[in-house]
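Asker: Sharing data38.tsv below, TSV, C-alpha atoms:
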```tsv
chain	number	residue	atom	x	y	z
A	203	MET	CA	2.74	13.90	-106.19
A	204	GLN	CA	3.85	11.17	-104.19
A	205	LEU	CA	2.04	10.05	-101.17
A	206	PRO	CA	4.11	9.59	-98.16
A	207	ASP	CA	4.45	6.12	-97.09
A	208	VAL	CA	1.60	6.18	-94.58
A	209	PHE	CA	1.96	2.57	-93.89
A	210	GLY	CA	5.62	3.06	-93.08
A	211	LEU	CA	4.82	5.98	-90.83
A	212	LEU	CA	2.04	4.22	-88.97
A	213	PHE	CA	3.87	0.98	-88.39
A	214	PRO	CA	7.52	0.94	-87.47
A	215	ASN	CA	10.04	-1.36	-88.91
A	216	VAL	CA	9.36	-4.94	-87.87
A	217	TRP	CA	12.93	-5.52	-86.71
A	218	THR	CA	12.90	-2.36	-84.64
A	219	PHE	CA	9.58	-3.34	-83.20
A	220	ILE	CA	10.80	-6.83	-82.30
A	221	SER	CA	14.01	-5.51	-80.76
A	222	GLN	CA	12.08	-2.98	-78.69
A	223	LEU	CA	9.63	-5.66	-77.68
A	224	CYS	CA	12.51	-7.97	-76.63
A	225	ALA	CA	14.20	-5.14	-74.72
A	226	THR	CA	10.94	-4.39	-72.93
A	227	ALA	CA	10.46	-8.10	-72.14
A	228	VAL	CA	14.01	-8.33	-70.79
A	229	LEU	CA	13.42	-5.21	-68.68
A	230	PHE	CA	10.14	-6.64	-67.36
A	231	PHE	CA	11.86	-9.97	-66.63
A	232	LEU	CA	14.75	-8.26	-64.84
A	233	MET	CA	12.38	-5.96	-62.94
A	234	TYR	CA	10.26	-8.97	-62.02
A	235	LYS	CA	13.26	-11.00	-60.81
A	236	LEU	CA	15.29	-8.20	-59.24
A	237	ALA	CA	12.63	-5.88	-57.88
A	238	TYR	CA	9.13	-7.32	-57.85
A	239	LYS	CA	9.83	-10.68	-56.17
A	240	PRO	CA	12.05	-9.28	-53.37
A	241	VAL	CA	9.73	-6.35	-52.78
A	242	LYS	CA	6.69	-8.66	-52.83
A	243	LYS	CA	8.50	-11.00	-50.44
A	244	ILE	CA	9.34	-8.07	-48.10
A	245	LEU	CA	5.78	-6.76	-48.34
A	246	ASP	CA	4.34	-10.24	-47.65
A	247	GLU	CA	6.64	-10.66	-44.64
A	248	ARG	CA	5.67	-7.18	-43.40
A	249	SER	CA	2.01	-7.99	-44.00
A	250	ASN	CA	2.36	-11.27	-42.09
A	251	TYR	CA	4.21	-9.48	-39.27
A	252	GLU	CA	1.54	-6.78	-39.05
A	253	GLN	CA	-1.20	-9.42	-39.25
A	254	SER	CA	0.41	-11.34	-36.36
A	255	ARG	CA	0.71	-8.08	-34.41
A	256	ILE	CA	-2.97	-7.37	-35.04
A	257	SER	CA	-3.84	-10.92	-33.93
A	258	GLU	CA	-1.72	-10.49	-30.79
A	259	ALA	CA	-3.37	-7.14	-30.14
A	260	ASP	CA	-6.80	-8.75	-30.52
A	261	VAL	CA	-5.80	-11.52	-28.12
A	262	LEU	CA	-4.42	-8.96	-25.66
A	263	LYS	CA	-7.57	-6.86	-26.05
A	264	GLU	CA	-9.76	-9.87	-25.32
A	265	GLU	CA	-7.53	-10.80	-22.37
A	266	THR	CA	-7.71	-7.22	-21.09
A	267	GLU	CA	-11.49	-7.19	-21.44
A	268	ARG	CA	-11.69	-10.52	-19.62
A	269	LEU	CA	-9.42	-9.23	-16.85
A	270	ASN	CA	-11.50	-6.03	-16.62
A	271	GLU	CA	-14.65	-8.11	-16.25
A	272	GLU	CA	-12.97	-10.25	-13.59
A	273	ALA	CA	-11.79	-7.09	-11.82
A	274	LYS	CA	-15.32	-5.65	-11.96
A	275	GLN	CA	-16.69	-8.92	-10.57
A	276	GLY	CA	-13.99	-8.84	-7.90
A	277	ILE	CA	-14.92	-5.28	-6.98
A	278	ILE	CA	-18.61	-6.20	-6.86
A	279	GLU	CA	-17.83	-9.22	-4.67
A	280	ALA	CA	-15.52	-7.13	-2.47
A	281	ASN	CA	-18.24	-4.49	-2.06
A	282	LYS	CA	-20.79	-7.18	-1.21
A	283	SER	CA	-18.35	-8.78	1.21
A	284	ALA	CA	-17.63	-5.39	2.79
A	285	GLU	CA	-21.37	-4.74	3.13
A	286	ASP	CA	-21.80	-8.17	4.71
A	287	ILE	CA	-18.93	-7.49	7.11
A	288	VAL	CA	-20.38	-4.10	8.05
A	289	ALA	CA	-23.83	-5.61	8.54
A	290	SER	CA	-22.34	-8.42	10.62
A	291	ALA	CA	-20.35	-5.93	12.69
A	292	ARG	CA	-23.49	-3.87	13.26
A	293	GLU	CA	-25.39	-6.97	14.37
A	294	GLU	CA	-22.56	-7.97	16.69
A	295	ALA	CA	-22.36	-4.44	18.06
A	296	GLU	CA	-26.12	-4.46	18.67
A	297	ILE	CA	-25.85	-7.83	20.44
A	298	ILE	CA	-22.92	-6.61	22.55
A	299	LYS	CA	-24.82	-3.41	23.31
A	300	LYS	CA	-27.85	-5.39	24.46
A	301	GLU	CA	-25.65	-7.67	26.56
A	302	LEU	CA	-23.91	-4.69	28.16
A	303	VAL	CA	-27.26	-3.02	28.87
A	304	GLU	CA	-28.54	-6.26	30.40
A	305	GLN	CA	-25.36	-6.63	32.43
A	306	GLY	CA	-25.67	-3.01	33.56
A	307	LYS	CA	-29.28	-3.57	34.56
A	308	GLU	CA	-28.35	-6.77	36.38
A	309	GLN	CA	-25.45	-5.08	38.17
A	310	SER	CA	-27.68	-2.14	39.05
A	311	LYS	CA	-30.33	-4.53	40.36
A	312	GLN	CA	-27.71	-6.39	42.41
A	313	LEU	CA	-26.33	-3.12	43.75
A	314	MET	CA	-29.84	-2.04	44.73
A	315	GLU	CA	-30.49	-5.42	46.39
A	316	ASN	CA	-27.14	-5.27	48.17
A	317	ALA	CA	-27.87	-1.72	49.28
A	318	GLN	CA	-31.33	-2.77	50.52
A	319	ARG	CA	-29.80	-5.71	52.41
A	320	GLU	CA	-27.13	-3.42	53.84
A	321	ILE	CA	-29.79	-0.93	54.86
A	322	GLU	CA	-31.79	-3.74	56.51
A	323	VAL	CA	-28.66	-5.02	58.25
A	324	GLN	CA	-27.78	-1.52	59.44
A	325	ARG	CA	-31.39	-0.89	60.51
A	326	SER	CA	-31.47	-4.21	62.35
A	327	LYS	CA	-28.14	-3.48	64.00
A	328	MET	CA	-29.28	0.02	64.90
A	329	LEU	CA	-32.51	-1.37	66.36
A	330	GLN	CA	-30.52	-3.95	68.35
A	331	ASP	CA	-28.18	-1.23	69.61
A	332	LEU	CA	-31.14	0.99	70.40
A	333	HIS	CA	-32.91	-1.88	72.12
A	334	SER	CA	-29.85	-2.71	74.21
A	335	GLU	CA	-29.45	1.00	75.11
A	336	ILE	CA	-33.12	1.20	76.02
A	337	VAL	CA	-32.81	-1.93	78.13
A	338	ASP	CA	-29.71	-0.53	79.80
A	339	ALA	CA	-31.46	2.78	80.38
A	340	THR	CA	-34.55	0.98	81.66
A	341	ILE	CA	-32.48	-1.09	84.04
A	342	SER	CA	-30.64	1.99	85.19
A	343	ALA	CA	-33.85	3.91	85.61
A	344	THR	CA	-35.48	0.99	87.34
A	345	GLU	CA	-32.56	0.67	89.73
A	346	LYS	CA	-32.77	4.33	90.58
A	347	MET	CA	-36.49	4.10	91.01
A	348	LEU	CA	-36.23	0.96	93.11
A	349	LYS	CA	-33.86	2.63	95.48
A	350	VAL	CA	-36.68	4.97	96.12
A	351	LYS	CA	-39.82	3.27	97.09
A	352	ILE	CA	-42.30	3.01	94.26
A	353	GLU	CA	-45.47	3.77	96.01
A	354	ASN	CA	-47.28	6.33	94.11
A	355	GLN	CA	-49.36	5.59	91.12
A	356	GLU	CA	-47.54	8.16	89.00
A	357	ASP	CA	-44.26	6.22	89.14
A	358	LYS	CA	-46.05	3.07	88.21
A	359	ASP	CA	-47.68	4.79	85.25
A	360	ASN	CA	-44.33	6.17	84.12
A	361	ILE	CA	-42.69	2.74	84.15
A	362	ASP	CA	-45.64	1.20	82.35
A	363	THR	CA	-45.57	3.90	79.66
A	364	PHE	CA	-41.81	3.51	79.32
A	365	VAL	CA	-42.05	-0.25	78.80
A	366	LYS	CA	-44.85	0.14	76.27
A	367	GLU	CA	-42.76	2.64	74.31
A	368	VAL	CA	-39.80	0.26	74.31
A	369	ILE	CA	-41.94	-2.64	73.16
A	370	ASN	CA	-43.63	-0.62	70.39
A	371	LYS	CA	-40.32	0.49	68.95
```
Take the structure in this file and express it as structure tokens.

Answerer:
Amino acid sequence: MQLPDVFGLLFPNVWTFISQLCATAVLFFLMYKLAYKPVKKILDERSNYEQSRISEADVLKEETERLNEEAKQGIIEANKSAEDIVASAREEAEIIKKELVEQGKEQSKQLMENAQREIEVQRSKMLQDLHSEIVDATISATEKMLKVKIENQEDKDNIDTFVKEVINK
């Protein structure tokens, strides 16, 4: 019995092996030159592009966060300014209110003083008119009484009482 050529079955023919190895090397070389390098170049360019986009996005994110912080600060400052303006307006309104109240009191006081003076003037005028009427009436009464002889004590008492009343008023 003959043993099969185990060595021949396990290892192929050297020339076949070398030719297959060369064909595989040529295929790897062609794949490397025709596919791997261009694809790697495209992938590197895409990676660089995406990396630049990520960097731009990070820069924009930081800028947006900075602008948001500035906007928040602006809002805080605007609120503080608005509160200051409202407080200032309240103070001014209070001052104006006090001034108007003082002016009202002063005008009221002046009106009262003017009214008092007017009352005094009217009273004085009325007293002068009354005095002149009393004098006229006294003269008229005296003339009538003088036409008649004043002899009795009663007429004398009446004139005396009349003069006293005029003087007392």

Asker: Around all of stretch 287-290 of chain A's listed atoms, make the axis-aligned box with 6 Å on each side and tell me centre and edge lengths in Å to one decimal, as lines of an AutoDock Vina configuration file.

Answerer:
```
center_x = -21.4
center_y = -6.3
center_z = 8.9
size_x = 16.9
size_y = 16.3
size_z = 15.5
```

Asker: Kindly give the distance, in Å, that separates atom CA of A:Phe219 and atom CA of A:Lys239, rounded to a single decimal.

Answerer: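 Separation of atom CA of A:Phe219 and atom CA of A:Lys239: 28.0 Å.
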
Asker: Tell me, in Å to one decimal, how far atom CA of A:Lys327 is from atom CA of A:Val368.

Answerer: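 So the answer is 16.0 Å.
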
Asker: How far is it from atom CA of A:Gln305 to atom CA of A:Glu293, in Å with one decimal?

Answerer: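 Atom CA of A:Glu293 lies at a distance of 18.1 Å from atom CA of A:Gln305.
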
Asker: Complete the atoms of stretch 233-256 of chain A to N, CA and C atoms and put them out as a PDB file, in the frame of the given file.

Answerer:
```pdb
ATOM      1  N   MET A 233      13.103  -6.671 -64.000  1.00  0.00           N
ATOM      2  CA  MET A 233      12.380  -5.960 -62.940  1.00  0.00           C
ATOM      3  C   MET A 233      11.604  -6.970 -62.071  1.00  0.00           C
ATOM      4  N   TYR A 234      11.020  -7.970 -62.755  1.00  0.00           N
ATOM      5  CA  TYR A 234      10.260  -8.970 -62.020  1.00  0.00           C
ATOM      6  C   TYR A 234      11.183  -9.753 -61.099  1.00  0.00           C
ATOM      7  N   LYS A 235      12.329 -10.184 -61.602  1.00  0.00           N
ATOM      8  CA  LYS A 235      13.260 -11.000 -60.810  1.00  0.00           C
ATOM      9  C   LYS A 235      13.989 -10.157 -59.768  1.00  0.00           C
ATOM     10  N   LEU A 236      14.442  -8.981 -60.129  1.00  0.00           N
ATOM     11  CA  LEU A 236      15.290  -8.200 -59.240  1.00  0.00           C
ATOM     12  C   LEU A 236      14.494  -7.277 -58.297  1.00  0.00           C
ATOM     13  N   ALA A 237      13.346  -6.836 -58.713  1.00  0.00           N
ATOM     14  CA  ALA A 237      12.630  -5.880 -57.880  1.00  0.00           C
ATOM     15  C   ALA A 237      11.301  -6.431 -57.361  1.00  0.00           C
ATOM     16  N   TYR A 238      10.483  -6.952 -58.248  1.00  0.00           N
ATOM     17  CA  TYR A 238       9.130  -7.320 -57.850  1.00  0.00           C
ATOM     18  C   TYR A 238       9.117  -8.468 -56.830  1.00  0.00           C
ATOM     19  N   LYS A 239       9.841  -9.538 -57.093  1.00  0.00           N
ATOM     20  CA  LYS A 239       9.830 -10.680 -56.170  1.00  0.00           C
ATOM     21  C   LYS A 239      10.388 -10.295 -54.798  1.00  0.00           C
ATOM     22  N   PRO A 240      11.554  -9.647 -54.705  1.00  0.00           N
ATOM     23  CA  PRO A 240      12.050  -9.280 -53.370  1.00  0.00           C
ATOM     24  C   PRO A 240      11.125  -8.295 -52.656  1.00  0.00           C
ATOM     25  N   VAL A 241      10.620  -7.316 -53.419  1.00  0.00           N
ATOM     26  CA  VAL A 241       9.730  -6.350 -52.780  1.00  0.00           C
ATOM     27  C   VAL A 241       8.451  -7.029 -52.354  1.00  0.00           C
ATOM     28  N   LYS A 242       7.911  -7.919 -53.197  1.00  0.00           N
ATOM     29  CA  LYS A 242       6.690  -8.660 -52.830  1.00  0.00           C
ATOM     30  C   LYS A 242       6.962  -9.528 -51.613  1.00  0.00           C
ATOM     31  N   LYS A 243       8.147 -10.166 -51.587  1.00  0.00           N
ATOM     32  CA  LYS A 243       8.500 -11.000 -50.440  1.00  0.00           C
ATOM     33  C   LYS A 243       8.580 -10.133 -49.171  1.00  0.00           C
ATOM     34  N   ILE A 244       9.228  -8.973 -49.254  1.00  0.00           N
ATOM     35  CA  ILE A 244       9.340  -8.070 -48.100  1.00  0.00           C
ATOM     36  C   ILE A 244       7.957  -7.589 -47.679  1.00  0.00           C
ATOM     37  N   LEU A 245       7.126  -7.230 -48.655  1.00  0.00           N
ATOM     38  CA  LEU A 245       5.780  -6.760 -48.340  1.00  0.00           C
ATOM     39  C   LEU A 245       4.931  -7.875 -47.731  1.00  0.00           C
ATOM     40  N   ASP A 246       5.073  -9.108 -48.235  1.00  0.00           N
ATOM     41  CA  ASP A 246       4.340 -10.240 -47.650  1.00  0.00           C
ATOM     42  C   ASP A 246       4.793 -10.500 -46.214  1.00  0.00           C
ATOM     43  N   GLU A 247       6.131 -10.460 -46.004  1.00  0.00           N
ATOM     44  CA  GLU A 247       6.640 -10.660 -44.640  1.00  0.00           C
ATOM     45  C   GLU A 247       6.135  -9.554 -43.714  1.00  0.00           C
ATOM     46  N   ARG A 248       6.156  -8.319 -44.208  1.00  0.00           N
ATOM     47  CA  ARG A 248       5.670  -7.180 -43.400  1.00  0.00           C
ATOM     48  C   ARG A 248       4.172  -7.334 -43.131  1.00  0.00           C
ATOM     49  N   SER A 249       3.447  -7.770 -44.161  1.00  0.00           N
ATOM     50  CA  SER A 249       2.010  -7.990 -44.000  1.00  0.00           C
ATOM     51  C   SER A 249       1.749  -9.089 -42.976  1.00  0.00           C
ATOM     52  N   ASN A 250       2.496 -10.186 -43.055  1.00  0.00           N
ATOM     53  CA  ASN A 250       2.360 -11.270 -42.090  1.00  0.00           C
ATOM     54  C   ASN A 250       2.701 -10.803 -40.676  1.00  0.00           C
ATOM     55  N   TYR A 251       3.790 -10.019 -40.567  1.00  0.00           N
ATOM     56  CA  TYR A 251       4.210  -9.480 -39.270  1.00  0.00           C
ATOM     57  C   TYR A 251       3.111  -8.579 -38.699  1.00  0.00           C
ATOM     58  N   GLU A 252       2.593  -7.687 -39.521  1.00  0.00           N
ATOM     59  CA  GLU A 252       1.540  -6.780 -39.050  1.00  0.00           C
ATOM     60  C   GLU A 252       0.271  -7.565 -38.716  1.00  0.00           C
ATOM     61  N   GLN A 253      -0.029  -8.585 -39.512  1.00  0.00           N
ATOM     62  CA  GLN A 253      -1.200  -9.420 -39.250  1.00  0.00           C
ATOM     63  C   GLN A 253      -1.033 -10.144 -37.916  1.00  0.00           C
ATOM     64  N   SER A 254       0.176 -10.660 -37.634  1.00  0.00           N
ATOM     65  CA  SER A 254       0.410 -11.340 -36.360  1.00  0.00           C
ATOM     66  C   SER A 254       0.321 -10.341 -35.206  1.00  0.00           C
ATOM     67  N   ARG A 255       0.802  -9.119 -35.445  1.00  0.00           N
ATOM     68  CA  ARG A 255       0.710  -8.080 -34.410  1.00  0.00           C
ATOM     69  C   ARG A 255      -0.764  -7.731 -34.137  1.00  0.00           C
ATOM     70  N   ILE A 256      -1.543  -7.659 -35.205  1.00  0.00           N
ATOM     71  CA  ILE A 256      -2.970  -7.370 -35.040  1.00  0.00           C
ATOM     72  C   ILE A 256      -3.643  -8.517 -34.282  1.00  0.00           C
TER      73      ILE A 256
END
```
